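Engineer: One file is attached below, final31.cif, containing mmCIF, C-alpha atoms.
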data_data
loop_
_atom_site.group_PDB
_atom_site.id
_atom_site.type_symbol
_atom_site.label_atom_id
_atom_site.label_comp_id
_atom_site.auth_asym_id
_atom_site.auth_seq_id
_atom_site.Cartn_x
_atom_site.Cartn_y
_atom_site.Cartn_z
ATOM 1 C CA MET A 126 -80.507 6.848 -94.740
ATOM 2 C CA SER A 127 -80.091 3.073 -94.634
ATOM 3 C CA ASN A 128 -83.480 2.049 -96.051
ATOM 4 C CA TYR A 129 -83.673 4.611 -98.838
ATOM 5 C CA LYS A 130 -82.954 1.962 -101.508
ATOM 6 C CA THR A 131 -86.302 0.307 -100.785
ATOM 7 C CA LEU A 132 -87.981 3.635 -101.626
ATOM 8 C CA LEU A 133 -86.293 3.808 -105.048
ATOM 9 C CA ALA A 134 -88.510 1.093 -106.528
ATOM 10 C CA GLU A 135 -91.442 3.568 -106.449
ATOM 11 C CA ILE A 136 -89.684 6.469 -108.208
ATOM 12 C CA ASN A 137 -90.921 7.567 -111.634
ATOM 13 C CA THR A 138 -90.304 11.315 -111.351
ATOM 14 C CA PHE A 139 -87.028 13.118 -110.705
ATOM 15 C CA ILE A 140 -86.844 16.805 -109.838
ATOM 16 C CA PHE A 141 -83.469 18.524 -109.845
ATOM 17 C CA ASP A 142 -82.150 21.892 -108.796
ATOM 18 C CA VAL A 143 -79.427 23.242 -111.106
ATOM 19 C CA ASP A 144 -76.780 25.357 -109.358
ATOM 20 C CA GLY A 145 -74.946 23.213 -106.827
ATOM 21 C CA VAL A 146 -76.487 19.981 -108.151
ATOM 22 C CA MET A 147 -76.010 19.950 -111.922
ATOM 23 C CA THR A 148 -73.160 22.456 -111.542
ATOM 24 C CA ASN A 149 -70.428 22.835 -108.952
ATOM 25 C CA GLY A 150 -72.081 26.039 -107.763
ATOM 26 C CA ILE A 151 -69.361 28.266 -109.173
ATOM 27 C CA VAL A 152 -70.482 30.966 -111.598
ATOM 28 C CA SER A 153 -67.862 32.663 -113.775
ATOM 29 C CA LEU A 154 -68.561 36.234 -114.769
ATOM 30 C CA THR A 155 -67.751 37.430 -118.286
ATOM 31 C CA GLU A 156 -66.968 40.998 -119.318
ATOM 32 C CA ASP A 157 -70.337 41.279 -121.071
ATOM 33 C CA GLY A 158 -72.235 40.254 -117.934
ATOM 34 C CA ASN A 159 -72.937 36.620 -118.790
ATOM 35 C CA LEU A 160 -72.739 33.956 -116.103
ATOM 36 C CA LEU A 161 -70.943 30.775 -117.150
ATOM 37 C CA ARG A 162 -71.626 27.373 -115.602
ATOM 38 C CA THR A 163 -70.214 23.947 -116.335
ATOM 39 C CA MET A 164 -72.196 20.705 -116.306
ATOM 40 C CA ASN A 165 -71.055 17.095 -116.186
ATOM 41 C CA VAL A 166 -71.545 14.941 -119.307
ATOM 42 C CA LYS A 167 -72.139 11.860 -117.140
ATOM 43 C CA ASP A 168 -75.143 13.593 -115.589
ATOM 44 C CA GLY A 169 -76.252 14.460 -119.123
ATOM 45 C CA TYR A 170 -75.997 10.867 -120.285
ATOM 46 C CA ALA A 171 -78.054 9.582 -117.364
ATOM 47 C CA LEU A 172 -80.673 12.331 -117.792
ATOM 48 C CA GLN A 173 -81.259 11.624 -121.477
ATOM 49 C CA LEU A 174 -81.352 7.868 -120.811
ATOM 50 C CA ALA A 175 -83.935 8.354 -118.059
ATOM 51 C CA VAL A 176 -86.088 10.396 -120.451
ATOM 52 C CA LYS A 177 -85.803 7.649 -123.098
ATOM 53 C CA LYS A 178 -86.772 5.039 -120.502
ATOM 54 C CA GLY A 179 -89.948 6.958 -119.664
ATOM 55 C CA TYR A 180 -89.001 8.670 -116.426
ATOM 56 C CA ARG A 181 -90.233 12.178 -115.872
ATOM 57 C CA ILE A 182 -87.470 14.724 -115.332
ATOM 58 C CA ILE A 183 -88.286 18.188 -114.014
ATOM 59 C CA ILE A 184 -85.827 21.039 -113.480
ATOM 60 C CA ILE A 185 -86.673 23.820 -110.992
ATOM 61 C CA SER A 186 -84.068 26.547 -110.589
ATOM 62 C CA GLY A 187 -83.778 30.070 -109.326
ATOM 63 C CA GLY A 188 -81.280 30.758 -112.114
ATOM 64 C CA ARG A 189 -82.414 32.304 -115.381
ATOM 65 C CA SER A 190 -79.821 31.121 -117.918
ATOM 66 C CA GLU A 191 -81.222 30.315 -121.350
ATOM 67 C CA ALA A 192 -78.092 28.231 -121.975
ATOM 68 C CA VAL A 193 -79.208 26.024 -119.072
ATOM 69 C CA ARG A 194 -82.664 25.669 -120.650
ATOM 70 C CA GLN A 195 -81.100 24.775 -124.001
ATOM 71 C CA ARG A 196 -78.851 22.163 -122.374
ATOM 72 C CA PHE A 197 -81.772 20.397 -120.719
ATOM 73 C CA GLU A 198 -84.044 20.648 -123.746
ATOM 74 C CA GLY A 199 -81.205 19.149 -125.801
ATOM 75 C CA LEU A 200 -81.302 16.165 -123.432
ATOM 76 C CA GLY A 201 -85.034 15.726 -124.048
ATOM 77 C CA ILE A 202 -86.237 17.440 -120.863
ATOM 78 C CA SER A 203 -89.231 19.643 -121.594
ATOM 79 C CA GLU A 204 -90.191 20.625 -118.039
ATOM 80 C CA VAL A 205 -87.608 23.289 -117.245
ATOM 81 C CA TYR A 206 -88.667 25.998 -114.786
ATOM 82 C CA LEU A 207 -86.098 28.796 -114.516
ATOM 83 C CA GLY A 208 -86.075 32.049 -112.563
ATOM 84 C CA ILE A 209 -88.239 30.530 -109.854
ATOM 85 C CA GLY A 210 -88.312 32.546 -106.641
ATOM 86 C CA ASN A 211 -90.669 30.189 -104.810
ATOM 87 C CA LYS A 212 -89.800 26.603 -105.716
ATOM 88 C CA LEU A 213 -92.382 25.156 -103.335
ATOM 89 C CA GLU A 214 -95.218 27.005 -105.076
ATOM 90 C CA VAL A 215 -94.165 25.712 -108.516
ATOM 91 C CA PHE A 216 -93.715 22.216 -107.082
ATOM 92 C CA HIS A 217 -97.235 22.210 -105.608
ATOM 93 C CA LYS A 218 -98.708 23.411 -108.921
ATOM 94 C CA ILE A 219 -96.982 20.577 -110.813
ATOM 95 C CA VAL A 220 -98.069 17.973 -108.251
ATOM 96 C CA ALA A 221 -101.694 19.186 -108.279
ATOM 97 C CA LYS A 222 -101.933 19.585 -112.069
ATOM 98 C CA ASP A 223 -100.623 16.089 -112.754
ATOM 99 C CA ASN A 224 -101.898 14.371 -109.595
ATOM 100 C CA LEU A 225 -98.414 13.176 -108.661
ATOM 101 C CA LYS A 226 -97.850 10.990 -105.627
ATOM 102 C CA MET A 227 -95.075 12.024 -103.253
ATOM 103 C CA LYS A 228 -93.785 8.441 -102.947
ATOM 104 C CA ASN A 229 -93.014 8.494 -106.683
ATOM 105 C CA ILE A 230 -90.858 11.653 -106.570
ATOM 106 C CA LEU A 231 -87.123 11.905 -105.971
ATOM 107 C CA TYR A 232 -85.784 15.434 -105.479
ATOM 108 C CA MET A 233 -82.124 16.431 -105.471
ATOM 109 C CA GLY A 234 -81.247 19.808 -104.007
ATOM 110 C CA ASP A 235 -78.282 21.344 -102.264
ATOM 111 C CA ASP A 236 -79.330 24.437 -100.332
ATOM 112 C CA ILE A 237 -82.026 26.173 -98.295
ATOM 113 C CA PRO A 238 -84.384 27.014 -101.225
ATOM 114 C CA ASP A 239 -84.779 23.227 -101.727
ATOM 115 C CA TYR A 240 -85.549 22.435 -98.075
ATOM 116 C CA GLN A 241 -89.363 22.595 -98.077
ATOM 117 C CA ILE A 242 -89.801 20.471 -101.193
ATOM 118 C CA MET A 243 -87.344 17.916 -99.850
ATOM 119 C CA LYS A 244 -89.434 17.571 -96.691
ATOM 120 C CA GLU A 245 -92.444 16.516 -98.822
ATOM 121 C CA VAL A 246 -91.114 14.136 -101.477
ATOM 122 C CA GLY A 247 -90.765 10.374 -101.236
ATOM 123 C CA VAL A 248 -86.983 10.453 -101.598
ATOM 124 C CA ALA A 249 -84.899 13.529 -100.750
ATOM 125 C CA THR A 250 -81.305 13.433 -101.981
ATOM 126 C CA CYS A 251 -78.371 15.823 -102.149
ATOM 127 C CA PRO A 252 -74.776 16.056 -103.331
ATOM 128 C CA ALA A 253 -71.856 15.533 -100.949
ATOM 129 C CA ASP A 254 -71.235 19.272 -100.656
ATOM 130 C CA ALA A 255 -74.810 20.301 -99.857
ATOM 131 C CA ALA A 256 -75.655 22.582 -96.957
ATOM 132 C CA GLU A 257 -75.761 20.808 -93.589
ATOM 133 C CA GLU A 258 -79.494 21.523 -93.199
ATOM 134 C CA ILE A 259 -80.132 19.730 -96.498
ATOM 135 C CA LYS A 260 -77.923 16.764 -95.623
ATOM 136 C CA HIS A 261 -79.807 16.430 -92.349
ATOM 137 C CA ILE A 262 -83.200 15.892 -94.067
ATOM 138 C CA SER A 263 -81.942 13.801 -96.998
ATOM 139 C CA HIS A 264 -82.716 10.110 -97.322
ATOM 140 C CA TYR A 265 -79.454 9.843 -99.272
ATOM 141 C CA VAL A 266 -76.350 12.010 -99.452
ATOM 142 C CA SER A 267 -74.426 11.192 -102.607
ATOM 143 C CA PRO A 268 -70.680 10.761 -102.101
ATOM 144 C CA VAL A 269 -70.345 12.848 -105.277
ATOM 145 C CA PRO A 270 -70.260 16.669 -105.101
ATOM 146 C CA GLY A 271 -72.497 18.944 -107.159
ATOM 147 C CA GLY A 272 -71.504 19.219 -110.812
ATOM 148 C CA LYS A 273 -69.373 16.076 -110.639
ATOM 149 C CA GLY A 274 -72.000 13.408 -111.377
ATOM 150 C CA CYS A 275 -74.297 13.357 -108.326
ATOM 151 C CA ALA A 276 -77.403 13.416 -110.543
ATOM 152 C CA ARG A 277 -76.101 10.402 -112.431
ATOM 153 C CA ASP A 278 -75.510 8.683 -109.089
ATOM 154 C CA VAL A 279 -79.188 8.822 -108.096
ATOM 155 C CA LEU A 280 -80.548 8.248 -111.612
ATOM 156 C CA GLU A 281 -78.376 5.171 -112.026
ATOM 157 C CA GLN A 282 -79.365 3.766 -108.626
ATOM 158 C CA VAL A 283 -83.080 4.086 -109.371
ATOM 159 C CA MET A 284 -82.783 2.650 -112.862
ATOM 160 C CA LYS A 285 -80.637 -0.271 -111.648
ATOM 161 C CA ILE A 286 -83.172 -1.152 -108.958
ATOM 162 C CA GLN A 287 -85.937 -0.975 -111.591
ATOM 163 C CA ASN A 288 -83.899 -2.931 -114.174
ATOM 164 C CA SER A 289 -83.866 -0.109 -116.686
ATOM 165 C CA TRP A 290 -80.290 1.148 -116.434
ATOM 166 C CA PHE A 291 -78.297 -0.912 -118.910
ATOM 167 C CA ASP A 292 -80.108 -3.479 -120.967
ATOM 168 C CA GLU A 293 -77.997 -3.979 -124.075
ATOM 169 C CA ASP A 294 -77.714 -7.677 -124.927
ATOM 170 C CA GLY A 295 -80.032 -8.584 -122.068
ATOM 171 C CA PHE A 296 -77.665 -7.361 -119.321
ATOM 172 C CA HIS A 297 -79.562 -6.253 -116.204
ATOM 173 C CA TRP A 298 -78.610 -5.343 -112.676
#
Output the structure of this file as structure tokens.
Structural biologist:
Amino acid sequence: MSNYKTLLAEINTFIFDVDGVMTNGIVSLTEDGNLLRTMNVKDGYALQLAVKKGYRIIIISGGRSEAVRQRFEGLGISEVYLGIGNKLEVFHKIVAKDNLKMKNILYMGDDIPDYQIMKEVGVATCPADAAEEIKHISHYVSPVPGGKGCARDVLEQVMKIQNSWFDEDGFHW
């Protein structure tokens, strides 16, 4: 994990799982059958800033919540793939269609359905509470758990290294 920061200079595409990464992995059930999730506003801030700065953000999730789609679209993210049973297949289609380079992709996942994609991308990352198998293959394990700002953690690190995080009044990292 020690040299992962050198890989961040090449990142222009972020792919995120939702449940367990953007959420804490807990789903509340309502009487009418809806599943409620909570998301962190700090992740939201970093996601919309990354979009404004020209980074490509892609969401691939097994979940099917339209509220999740609306949240991400509200942040300016247009590539939201929900209800995906085979994440690797969707990932390969995106990579082939847009001729993406693996070294330019950072993926954050937390559990077994993310494993195969994480083995292929330039930078594999996960939240602090990810499955052990995922931690084992990650270039970086965020000290932040899922749903508590782990996405912001990796977005901020990449944008700081590329001098695009905070540039008001000429301030750069």
Engineer: Check the smallest atom-to-atom distance from each of A:Val279, A:Met243, A:Ile286, A:Ala175 to Lys260 (chain A) using all atoms listed in the file, then report the winner.
Structural biologist: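 Nearest candidate to Lys260 (chain A) out of A:Val279, A:Met243, A:Ile286, A:Ala175: A:Met243.
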Engineer: What residues come out when you apply the PyMOL selection byres ((chain A and resi 269-278) around 6) to this file, written as a PyMOL selection string?
Structural biologist: chain A and resi 145-149+164-165+167-168+171+252-254+267-268+279-281
Engineer: With all atoms listed in the file as the basis for distance, which of A:Ile259, A:Leu225, A:Leu172, A:Val283 is at the shortest distance from Phe141 (chain A)?
Structural biologist: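 That would be A:Leu172, the residue with the smallest distance to Phe141 (chain A).
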Engineer: When distances are computed from only C-alpha atoms, which of A:Ser153, A:Ser203, A:Thr250, A:Asn159 shows the smallest separation from Tyr265 (chain A)?
Structural biologist: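 Of the candidates, the smallest distance to Tyr265 (chain A) is held by A:Thr250.
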Engineer: Give the answer as one residue: which of A:Gly247, A:Gly199, A:Gly208, A:Gly150 has the shortest atom-to-atom distance to Ile185 (chain A), using only C-alpha atoms?
Structural biologist: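 Nearest candidate to Ile185 (chain A) out of A:Gly247, A:Gly199, A:Gly208, A:Gly150: A:Gly208.
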Engineer: Nearest to Lys130 (chain A) among A:Asn224, A:Thr163, A:Lys285, A:Glu156, with distances taken over all atoms listed in the file: which residue is it?
Structural biologist: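 Using all atoms listed in the file, the shortest distance to Lys130 (chain A) belongs to A:Lys285.
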Engineer: Using all atoms listed in the file and a cutoff of 6 Å, can you tell me which residues are near (-75.5, 24.3, -98.8) in the file's coordinates, and write them out as a list in words?
Structural biologist: Asp235, Asp236, Ala255 and Ala256 of chain A
Engineer: Taking only C-alpha atoms into account, which of A:Leu200, A:Ile184, A:Val193, A:Val246 comes nearest Met227 (chain A)?
Structural biologist: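 Answer, going by the shortest atom-to-atom distance: A:Val246.
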Engineer: Could you state the separation of CA of Ile230 (chain A) and CA of Ile183 (chain A) in Å, given to one decimal place?
Structural biologist: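 CA of Ile183 (chain A) lies 10.2 Å from CA of Ile230 (chain A).
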Engineer: For CA of Asn137 (chain A) and CA of Arg181 (chain A), quote the distance in Å rounded to one decimal.
Structural biologist: 6.3 Å
Engineer: Have a look at CA of Ile202 (chain A) and CA of Ile262 (chain A) and let me know their distance in Å, one decimal.
Structural biologist: 27.0 Å
Engineer: List the spatial neighbours of Gly179 (chain A) as a ChimeraX atom specification - criterion: any atom at most 10 Å away, all atoms listed in the file, same-chain residues fewer than 3 positions off excluded.
Structural biologist: /A:137-138,174-176,182,289
Engineer: Can you spit out the residues from that selection as a PDB file, keeping the file's coordinate frame, using C-alpha atoms?
Structural biologist:
ATOM      1  CA  ASN A 137     -90.921   7.567-111.634  1.00  0.00           C
ATOM      2  CA  THR A 138     -90.304  11.315-111.351  1.00  0.00           C
ATOM      3  CA  LEU A 174     -81.352   7.868-120.811  1.00  0.00           C
ATOM      4  CA  ALA A 175     -83.935   8.354-118.059  1.00  0.00           C
ATOM      5  CA  VAL A 176     -86.088  10.396-120.451  1.00  0.00           C
ATOM      6  CA  ILE A 182     -87.470  14.724-115.332  1.00  0.00           C
ATOM      7  CA  SER A 289     -83.866  -0.109-116.686  1.00  0.00           C
TER       8      SER A 289
END
Engineer: Could you name the residues that touch Ser186 (chain A) at 8 Å or less, counting only C-alpha atoms, but leaving out those on the same chain fewer than 5 positions away, as a list in words?
Structural biologist: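 After dropping sequence-adjacent residues, the list is Asp142, Val143, Asp144, Tyr206, Leu207, Gly208, Ile209 and Lys212 of chain A.
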Engineer: List the spatial neighbours of Ile136 (chain A) as a list in words - criterion: any atom at most 7 Å away, all atoms listed in the file, same-chain residues fewer than 4 positions off excluded.
Structural biologist: Lys228, Asn229, Ile230 and Leu231 of chain A
Engineer: Which residues, named as in the file, does the PyMOL selection byres ((chain A and resi 264) around 8) pick out? Answer as a ChimeraX atom specification.
Structural biologist: /A:126-127,129,248-250,262-263,265-266
Engineer: Convert the current residue selection to file output with C-alpha atoms, as an mmCIF file, in the coordinates of the input.
Structural biologist:
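Below is the file result-v2.cif, written as the result:
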data_model
loop_
_atom_site.group_PDB
_atom_site.id
_atom_site.type_symbol
_atom_site.label_atom_id
_atom_site.label_comp_id
_atom_site.auth_asym_id
_atom_site.auth_seq_id
_atom_site.Cartn_x
_atom_site.Cartn_y
_atom_site.Cartn_z
ATOM 1 C CA MET A 126 -80.507 6.848 -94.740
ATOM 2 C CA SER A 127 -80.091 3.073 -94.634
ATOM 3 C CA TYR A 129 -83.673 4.611 -98.838
ATOM 4 C CA VAL A 248 -86.983 10.453 -101.598
ATOM 5 C CA ALA A 249 -84.899 13.529 -100.750
ATOM 6 C CA THR A 250 -81.305 13.433 -101.981
ATOM 7 C CA ILE A 262 -83.200 15.892 -94.067
ATOM 8 C CA SER A 263 -81.942 13.801 -96.998
ATOM 9 C CA TYR A 265 -79.454 9.843 -99.272
ATOM 10 C CA VAL A 266 -76.350 12.010 -99.452
#
Engineer: Kindly provide, as JSON, the centre and edge lengths (Å, one decimal) of an axis-aligned box around all atoms of region 212-225 of chain A given in the file, with 8 Å on each side.
Structural biologist:
{"center_x": -95.9, "center_y": 20.1, "center_z": -108.0, "size_x": 28.1, "size_y": 29.8, "size_z": 25.4}
Engineer: Can you list, as a list in words, every protein, DNA or RNA residue that comes within 12 Å of Gly210 (chain A) when you count only C-alpha atoms, leaving out same-chain residues fewer than 6 positions away?
Structural biologist: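 So the residues in contact are Ile185, Ser186, Gly187, Gly188, Arg189, Phe216, Pro238 and Asp239 of chain A.
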